[in-house]
>>> print(open('start.cif').read())   # mmCIF, C-alpha atoms
data_upload
#
loop_
_atom_site.label_atom_id
_atom_site.label_comp_id
_atom_site.auth_asym_id
_atom_site.auth_seq_id
_atom_site.Cartn_x
_atom_site.Cartn_y
_atom_site.Cartn_z
CA MET A 1 -0.26 -29.27 -3.65
CA GLN A 2 -2.16 -32.43 -2.73
CA ALA A 3 -5.42 -30.45 -2.67
CA LEU A 4 -4.76 -28.99 -6.13
CA TRP A 5 -4.10 -32.42 -7.62
CA MET A 6 -7.34 -33.74 -6.14
CA LEU A 7 -9.37 -30.78 -7.38
CA LEU A 8 -7.99 -31.38 -10.88
CA ALA A 9 -8.91 -35.05 -10.59
CA SER A 10 -12.42 -34.16 -9.46
CA LEU A 11 -12.92 -31.90 -12.47
CA MET A 12 -11.68 -34.57 -14.86
CA PHE A 13 -13.93 -37.22 -13.34
CA ALA A 14 -16.92 -34.89 -13.55
CA ILE A 15 -16.20 -34.42 -17.25
CA MET A 16 -15.80 -38.18 -17.62
CA GLY A 17 -19.17 -38.76 -15.97
CA SER A 18 -20.79 -36.30 -18.36
CA CYS A 19 -19.22 -38.13 -21.30
CA VAL A 20 -20.49 -41.45 -19.95
CA LYS A 21 -23.98 -39.98 -19.72
CA LEU A 22 -23.77 -38.65 -23.28
CA ALA A 23 -22.35 -41.90 -24.66
CA THR A 24 -25.07 -44.06 -23.14
CA GLU A 25 -27.70 -41.65 -24.45
CA HIS A 26 -26.32 -42.45 -27.90
CA ASP A 27 -26.61 -46.25 -27.46
CA SER A 28 -23.03 -47.07 -26.45
CA SER A 29 -22.78 -50.43 -24.69
CA LEU A 30 -21.37 -50.87 -21.20
CA SER A 31 -18.39 -52.79 -22.56
CA GLN A 32 -17.67 -49.98 -25.02
CA VAL A 33 -17.67 -47.45 -22.22
CA VAL A 34 -15.24 -49.58 -20.21
CA LEU A 35 -12.97 -50.18 -23.22
CA PHE A 36 -12.75 -46.51 -24.13
CA ARG A 37 -12.16 -45.68 -20.48
CA GLY A 38 -8.89 -47.62 -20.57
CA LEU A 39 -7.67 -47.75 -24.19
CA PRO A 40 -6.46 -44.14 -24.67
CA SER A 41 -4.49 -44.37 -21.43
CA VAL A 42 -2.76 -47.56 -22.58
CA ILE A 43 -1.83 -46.12 -25.99
CA LEU A 44 -0.63 -42.73 -24.77
CA LEU A 45 1.27 -44.01 -21.74
CA LEU A 46 3.03 -46.78 -23.67
CA ALA A 47 4.05 -44.26 -26.34
CA TRP A 48 5.31 -41.84 -23.68
CA ALA A 49 7.25 -44.59 -21.89
CA ARG A 50 8.88 -45.74 -25.12
CA ALA A 51 9.80 -42.20 -26.16
CA GLY A 52 11.33 -41.50 -22.77
CA ARG A 53 12.90 -44.97 -22.48
CA GLN A 54 11.01 -45.55 -19.25
CA SER A 55 10.78 -49.04 -17.80
CA ILE A 56 7.28 -50.46 -17.40
CA VAL A 57 8.43 -53.13 -14.96
CA PRO A 58 6.80 -52.37 -11.58
CA ARG A 59 8.63 -52.20 -8.27
CA SER A 60 6.17 -54.72 -6.82
CA TRP A 61 3.43 -56.74 -8.51
CA LYS A 62 1.26 -57.38 -5.45
CA PRO A 63 -0.05 -53.82 -4.87
CA HIS A 64 -0.80 -53.51 -8.59
CA PHE A 65 -2.76 -56.77 -8.52
CA TRP A 66 -4.99 -55.70 -5.64
CA ARG A 67 -5.33 -52.15 -6.97
CA ASN A 68 -6.42 -53.40 -10.39
CA LEU A 69 -8.72 -56.12 -9.07
CA SER A 70 -10.53 -53.73 -6.74
CA GLY A 71 -10.48 -50.80 -9.18
CA VAL A 72 -11.82 -52.73 -12.17
CA SER A 73 -14.47 -54.40 -10.01
CA SER A 74 -15.54 -51.01 -8.69
CA MET A 75 -15.81 -49.63 -12.22
CA TRP A 76 -18.04 -52.46 -13.49
CA LEU A 77 -20.22 -52.43 -10.36
CA GLY A 78 -20.61 -48.68 -10.57
CA PHE A 79 -21.55 -48.79 -14.25
CA PHE A 80 -24.09 -51.54 -13.53
CA ALA A 81 -25.65 -49.35 -10.85
CA LEU A 82 -25.75 -46.41 -13.26
CA ALA A 83 -27.52 -48.59 -15.82
CA HIS A 84 -30.23 -49.80 -13.42
CA LEU A 85 -30.70 -46.94 -10.96
CA PRO A 86 -31.49 -43.25 -11.24
CA LEU A 87 -28.30 -41.30 -11.83
CA ALA A 88 -28.49 -39.54 -8.46
CA THR A 89 -28.91 -42.79 -6.55
CA ALA A 90 -26.07 -44.60 -8.31
CA THR A 91 -23.70 -41.66 -7.96
CA SER A 92 -24.31 -41.28 -4.23
CA LEU A 93 -23.68 -44.99 -3.65
CA THR A 94 -20.38 -44.95 -5.51
CA TYR A 95 -19.29 -41.97 -3.40
CA THR A 96 -19.44 -43.98 -0.19
CA SER A 97 -15.79 -45.01 -0.61
CA PRO A 98 -14.45 -42.27 1.72
CA LEU A 99 -16.75 -43.58 4.45
CA PHE A 100 -15.19 -47.03 4.10
CA ILE A 101 -11.73 -45.44 4.30
CA ALA A 102 -12.75 -43.51 7.40
CA ALA A 103 -14.14 -46.64 9.03
CA TRP A 104 -10.89 -48.50 8.32
CA MET A 105 -8.79 -45.71 9.81
CA LEU A 106 -11.03 -45.51 12.86
CA GLY A 107 -10.66 -49.24 13.54
CA TRP A 108 -7.17 -50.07 12.27
CA GLY A 109 -5.55 -46.81 11.15
CA GLY A 110 -3.37 -46.38 14.23
CA ALA A 111 -1.68 -42.99 14.19
CA GLN A 112 -3.82 -41.84 11.26
CA ARG A 113 -6.99 -42.09 13.34
CA ASP A 114 -8.34 -38.54 13.41
CA ILE A 115 -11.86 -37.67 14.53
CA VAL A 116 -11.73 -34.30 12.77
CA ARG A 117 -11.03 -35.82 9.37
CA ILE A 118 -13.52 -38.62 9.95
CA LEU A 119 -16.13 -35.99 10.82
CA SER A 120 -15.27 -34.07 7.66
CA VAL A 121 -15.81 -37.15 5.50
CA ALA A 122 -19.16 -37.83 7.19
CA LEU A 123 -20.13 -34.18 6.71
CA GLY A 124 -19.17 -34.41 3.05
CA PHE A 125 -21.33 -37.49 2.56
CA LEU A 126 -24.27 -35.69 4.16
CA GLY A 127 -23.70 -33.01 1.56
CA VAL A 128 -23.76 -35.62 -1.20
CA ILE A 129 -27.08 -36.93 0.11
CA ALA A 130 -28.49 -33.41 0.23
CA VAL A 131 -27.41 -32.75 -3.36
CA LEU A 132 -28.56 -36.06 -4.79
CA ARG A 133 -31.36 -37.18 -2.42
CA PRO A 134 -31.45 -40.78 -3.68
CA SER A 135 -34.48 -43.06 -3.51
CA ILE A 136 -34.44 -46.84 -3.96
CA GLY A 137 -37.47 -48.82 -5.15
CA GLN A 138 -38.29 -52.37 -4.11
CA ASP A 139 -37.05 -53.74 -7.44
CA GLN A 140 -33.74 -51.84 -7.25
CA TRP A 141 -32.12 -53.37 -4.18
CA LEU A 142 -29.72 -55.61 -6.12
CA ALA A 143 -28.41 -52.71 -8.16
CA ALA A 144 -28.23 -50.59 -5.00
CA LEU A 145 -26.20 -53.22 -3.16
CA LEU A 146 -23.85 -53.51 -6.13
CA GLY A 147 -23.50 -49.73 -6.18
CA LEU A 148 -22.58 -49.83 -2.50
CA ALA A 149 -20.09 -52.61 -3.26
CA SER A 150 -18.62 -50.28 -5.88
CA GLY A 151 -17.93 -47.75 -3.15
CA ALA A 152 -16.33 -50.40 -0.93
CA THR A 153 -14.05 -51.77 -3.65
CA ALA A 154 -13.12 -48.23 -4.69
CA ALA A 155 -11.96 -47.64 -1.11
CA ILE A 156 -9.67 -50.67 -1.37
CA ALA A 157 -8.30 -49.34 -4.65
CA MET A 158 -7.64 -45.94 -3.11
CA MET A 159 -5.65 -47.42 -0.24
CA GLN A 160 -3.62 -49.52 -2.67
CA ILE A 161 -2.87 -46.39 -4.71
CA ARG A 162 -1.48 -44.82 -1.56
CA GLN A 163 0.64 -47.90 -0.90
CA LEU A 164 2.03 -47.73 -4.43
CA GLY A 165 2.94 -44.10 -3.84
CA ARG A 166 4.75 -45.01 -0.64
CA ILE A 167 6.99 -47.57 -2.35
CA GLY A 168 7.92 -45.03 -5.01
CA GLU A 169 5.87 -46.35 -7.91
CA PRO A 170 5.41 -43.53 -10.47
CA GLU A 171 1.85 -42.42 -11.14
CA TRP A 172 2.00 -43.11 -14.88
CA ARG A 173 2.95 -46.76 -14.33
CA THR A 174 0.13 -47.28 -11.83
CA VAL A 175 -2.36 -45.80 -14.31
CA LEU A 176 -0.89 -47.86 -17.17
CA PHE A 177 -1.39 -51.20 -15.42
CA PHE A 178 -4.88 -50.22 -14.29
CA SER A 179 -5.83 -49.19 -17.82
CA CYS A 180 -4.52 -52.49 -19.20
CA ALA A 181 -6.68 -54.36 -16.68
CA VAL A 182 -9.70 -52.25 -17.67
CA CYS A 183 -9.20 -53.07 -21.36
CA LEU A 184 -8.81 -56.79 -20.69
CA SER A 185 -12.02 -56.83 -18.66
CA SER A 186 -13.91 -55.06 -21.47
CA VAL A 187 -12.86 -57.76 -23.96
CA VAL A 188 -14.79 -60.31 -21.91
CA GLY A 189 -17.88 -58.12 -22.06
CA LEU A 190 -17.55 -57.46 -25.79
CA ALA A 191 -17.19 -61.19 -26.47
CA SER A 192 -20.48 -61.88 -24.68
CA GLU A 193 -22.65 -58.93 -25.75
CA GLY A 194 -21.01 -57.75 -28.98
CA TRP A 195 -20.17 -54.25 -30.20
CA GLY A 196 -22.65 -51.50 -29.36
CA ASP A 197 -24.62 -49.55 -31.96
CA THR A 198 -23.64 -45.91 -31.46
CA ASP A 199 -23.22 -42.86 -33.70
CA LEU A 200 -20.53 -40.22 -34.24
CA THR A 201 -21.56 -38.25 -31.15
CA GLY A 202 -21.38 -41.45 -29.14
CA TYR A 203 -17.84 -42.14 -30.34
CA LEU A 204 -16.77 -38.59 -29.53
CA ALA A 205 -18.19 -39.03 -26.04
CA LEU A 206 -16.39 -42.35 -25.69
CA THR A 207 -13.13 -40.65 -26.64
CA GLY A 208 -13.84 -37.99 -24.04
CA ILE A 209 -14.27 -40.72 -21.44
CA GLY A 210 -10.82 -42.08 -22.18
CA LEU A 211 -8.98 -38.75 -22.20
CA SER A 212 -10.64 -37.25 -19.12
CA GLY A 213 -10.30 -40.57 -17.31
CA LEU A 214 -6.57 -40.66 -18.12
CA PHE A 215 -5.85 -37.19 -16.74
CA GLY A 216 -8.17 -37.72 -13.79
CA GLN A 217 -6.50 -41.00 -12.88
CA LEU A 218 -3.04 -39.48 -13.06
CA ALA A 219 -4.12 -36.62 -10.82
CA VAL A 220 -5.86 -38.78 -8.21
CA THR A 221 -2.93 -41.20 -8.14
CA ARG A 222 -0.62 -38.27 -7.50
CA ALA A 223 -2.92 -36.90 -4.78
CA PHE A 224 -3.17 -40.18 -2.88
CA GLY A 225 0.54 -40.76 -3.18
CA LEU A 226 1.39 -37.42 -1.54
CA GLY A 227 -0.18 -37.79 1.90
CA SER A 228 -3.41 -38.03 3.84
CA ALA A 229 -5.91 -40.45 2.34
CA LEU A 230 -8.78 -38.85 4.25
CA LEU A 231 -7.90 -35.36 2.99
CA THR A 232 -7.92 -36.65 -0.57
CA ALA A 233 -11.15 -38.56 0.08
CA ALA A 234 -12.88 -35.46 1.41
CA LEU A 235 -11.77 -33.33 -1.52
CA GLN A 236 -13.04 -35.86 -4.04
CA TYR A 237 -16.55 -34.76 -3.07
CA THR A 238 -15.95 -31.65 -5.16
CA THR A 239 -16.65 -33.86 -8.17
CA ILE A 240 -20.32 -33.36 -7.28
CA ILE A 241 -19.94 -29.59 -7.53
CA PHE A 242 -18.24 -29.79 -10.92
CA ALA A 243 -20.85 -32.30 -12.12
CA ALA A 244 -23.66 -30.02 -10.97
CA ILE A 245 -22.18 -27.12 -12.95
CA LEU A 246 -21.83 -29.29 -16.07
CA GLY A 247 -25.39 -30.57 -15.58
CA MET A 248 -26.76 -27.03 -15.48
CA ALA A 249 -24.70 -26.02 -18.52
CA PHE A 250 -25.49 -28.97 -20.81
CA TRP A 251 -28.61 -30.68 -19.43
CA GLN A 252 -30.35 -27.66 -17.89
CA ASP A 253 -30.41 -29.31 -14.47
CA HIS A 254 -31.95 -27.14 -11.74
CA LEU A 255 -30.41 -26.90 -8.27
CA ASP A 256 -32.86 -26.15 -5.46
CA ASP A 257 -32.02 -24.76 -2.01
CA MET A 258 -31.38 -28.22 -0.54
CA ALA A 259 -28.89 -29.00 -3.31
CA LEU A 260 -27.09 -25.71 -2.73
CA LEU A 261 -26.95 -26.49 1.00
CA GLY A 262 -25.42 -29.87 0.17
CA MET A 263 -22.77 -28.23 -1.99
CA GLY A 264 -21.95 -25.95 0.91
CA LEU A 265 -21.51 -28.95 3.21
CA ILE A 266 -19.20 -30.57 0.67
CA ILE A 267 -17.03 -27.46 0.48
CA ALA A 268 -16.99 -27.17 4.28
CA ALA A 269 -15.85 -30.77 4.60
CA GLY A 270 -12.95 -30.19 2.24
CA LEU A 271 -11.88 -27.00 4.02
CA MET A 272 -12.06 -28.74 7.38
CA SER A 273 -9.70 -31.46 6.19
CA ILE A 274 -7.28 -28.94 4.69
CA TRP A 275 -7.24 -26.94 7.93
CA ARG A 276 -6.56 -30.07 9.97
CA THR A 277 -3.72 -31.14 7.70
CA MET A 278 -2.12 -27.69 7.86
CA ARG A 279 -2.37 -27.70 11.68
CA GLU A 280 -0.63 -31.07 11.81
CA SER A 281 2.16 -30.03 9.45
CA ARG A 282 3.19 -27.02 11.55
CA PRO A 283 4.59 -28.96 14.53
CA ALA A 284 6.58 -31.19 12.17
CA VAL A 285 8.12 -28.18 10.42
CA THR A 286 8.92 -26.51 13.75
CA SER A 287 10.54 -29.67 15.07
CA THR A 288 12.72 -29.97 11.96
CA ARG A 289 13.89 -26.38 12.23
CA GLU A 290 14.75 -26.83 15.91
CA LYS A 291 16.90 -29.87 15.10
CA GLN A 292 18.67 -27.99 12.31
CA ALA A 293 19.40 -25.09 14.66
#
>>> encode(input="start.cif", output="structure tokens")
Amino acid sequence: MQALWMLLASLMFAIMGSCVKLATEHDSSLSQVVLFRGLPSVILLLAWARAGRQSIVPRSWKPHFWRNLSGVSSMWLGFFALAHLPLATATSLTYTSPLFIAAWMLGWGGAQRDIVRILSVALGFLGVIAVLRPSIGQDQWLAALLGLASGATAAIAMMQIRQLGRIGEPEWRTVLFFSCAVCLSSVVGLASEGWGDTDLTGYLALTGIGLSGLFGQLAVTRAFGLGSALLTAALQYTTIIFAAILGMAFWQDHLDDMALLGMGLIIAAGLMSIWRTMRESRPAVTSTREKQA
């Protein structure tokens, strides 16, 4: 079930990335993109909570604070990288977050330290490099470093999402507070740079960013709250596969043999993590049955 939630999230985020690309092609500003990323989630989730008489008071403020600070920072840094780097380069840098998670688990993860999963994440990132093959010019190092920082802060956000799941915080509330933080951060940008000059297609793409981002965030929050962070991190690489398919369908992108090899590595990394998780779950189930007997 965790894998299915993450695959759904990956598809939604691939659609969101396509909408971001389309919106910026139609002169949408960065602040507009950020605002529309969060606004539909705020409106729909508040309406749903009111209709269902759900409380929006969180179980604990601290995890939400760190999740929102790291998540919003990652979003802005990633969008800056996208604006100043080739799309392939920026995307690969923002997908370094699983490597930061793996490094944390290797050094401080305790019982969660698992060389098989760490290897799967590294294998998946090699696949990302093969698909995207980024190149950084001498005048692009600042944007590249900020893109890498986006990956690092996204890793912090992912671990905080898992912590929120452990304390029983519902996914919709986690997404609601994050979306509110996103909208507040966009107001600062709009105040400084003004409203962008886009057309009807741009506004439709901006709406698509908000809706796909909402469903993607709900799905990834659910996935990280269910179990292994490294399994979820490995499966998020499938976003590249979905994005490649959308790129071929709408932008006539061509995938060469190296790109296809990279996609194969990404799939292998995800399957390796799933296999490892299933192997670990079997002893636990057997032990439970023995105690019940």
>>> atom_distance(input="start.cif", atom1="CA of Gly151 in chain A", atom2="CA of Trp66 in chain A")
15.4 Å
>>> resolve_selection(input="start.cif", expression="the PyMOL selection byres ((chain A and resi 78) around 12)", output="MDAnalysis selection string")
chainID A and resid 17 20 30 34 70:77 79:85 87 89:97 143:154
>>> resolve_selection(input="start.cif", expression="the PyMOL selection byres ((chain A and resi 35-48) around 6)", output="list of chain:residue names")
A:Gln32, A:Val33, A:Val34, A:Ala49, A:Arg50, A:Ala51, A:Leu176, A:Ser179, A:Val182, A:Cys183, A:Ser186, A:Leu206, A:Ile209, A:Gly210, A:Leu214
>>> closest_residue(input="start.cif", among="A:Leu218, A:Ser31, A:Ser120, A:Val128", to="Ser185 in chain A", atoms="only C-alpha atoms")
A:Ser31
>>> closest_residue(input="start.cif", among="A:Ala14, A:Ile56, A:Leu22, A:Ala244", to="Phe177 in chain A", atoms="only C-alpha atoms")
A:Ile56
>>> atom_distance(input="start.cif", atom1="CA of Leu119 in chain A", atom2="CA of His254 in chain A")
28.9 Å
>>> atom_distance(input="start.cif", atom1="CA of Arg173 in chain A", atom2="CA of Phe13 in chain A")
19.4 Å
>>> resolve_selection(input="start.cif", expression="the PyMOL selection byres ((chain A and resi 165-170) around 8)", output="ChimeraX atom specification")
/A:58-59,161-164,171-174,221-222,224-226
>>> closest_residue(input="start.cif", among="A:Gln252, A:Gln140, A:Gln2, A:Ser28", to="Leu190 in chain A", atoms="all atoms listed in the file")
A:Ser28
>>> closest_residue(input="start.cif", among="A:Val121, A:Leu142, A:Leu11, A:Ala249", to="Phe215 in chain A", atoms="all atoms listed in the file")
A:Leu11
>>> residues_near_point(input="start.cif", point="(-13.9, -35.9, -5.8)", cutoff="12 Å", atoms="all atoms listed in the file", output="VMD selection string")
chain A and resid 3 to 15 17 91 to 92 94 to 98 121 124 to 125 128 216 to 217 219 to 220 223 to 224 230 to 243 266 to 267 269 to 270
>>> closest_residue(input="start.cif", among="A:Gly52, A:Gly127, A:Ala23, A:Phe178", to="His64 in chain A", atoms="only C-alpha atoms")
A:Phe178
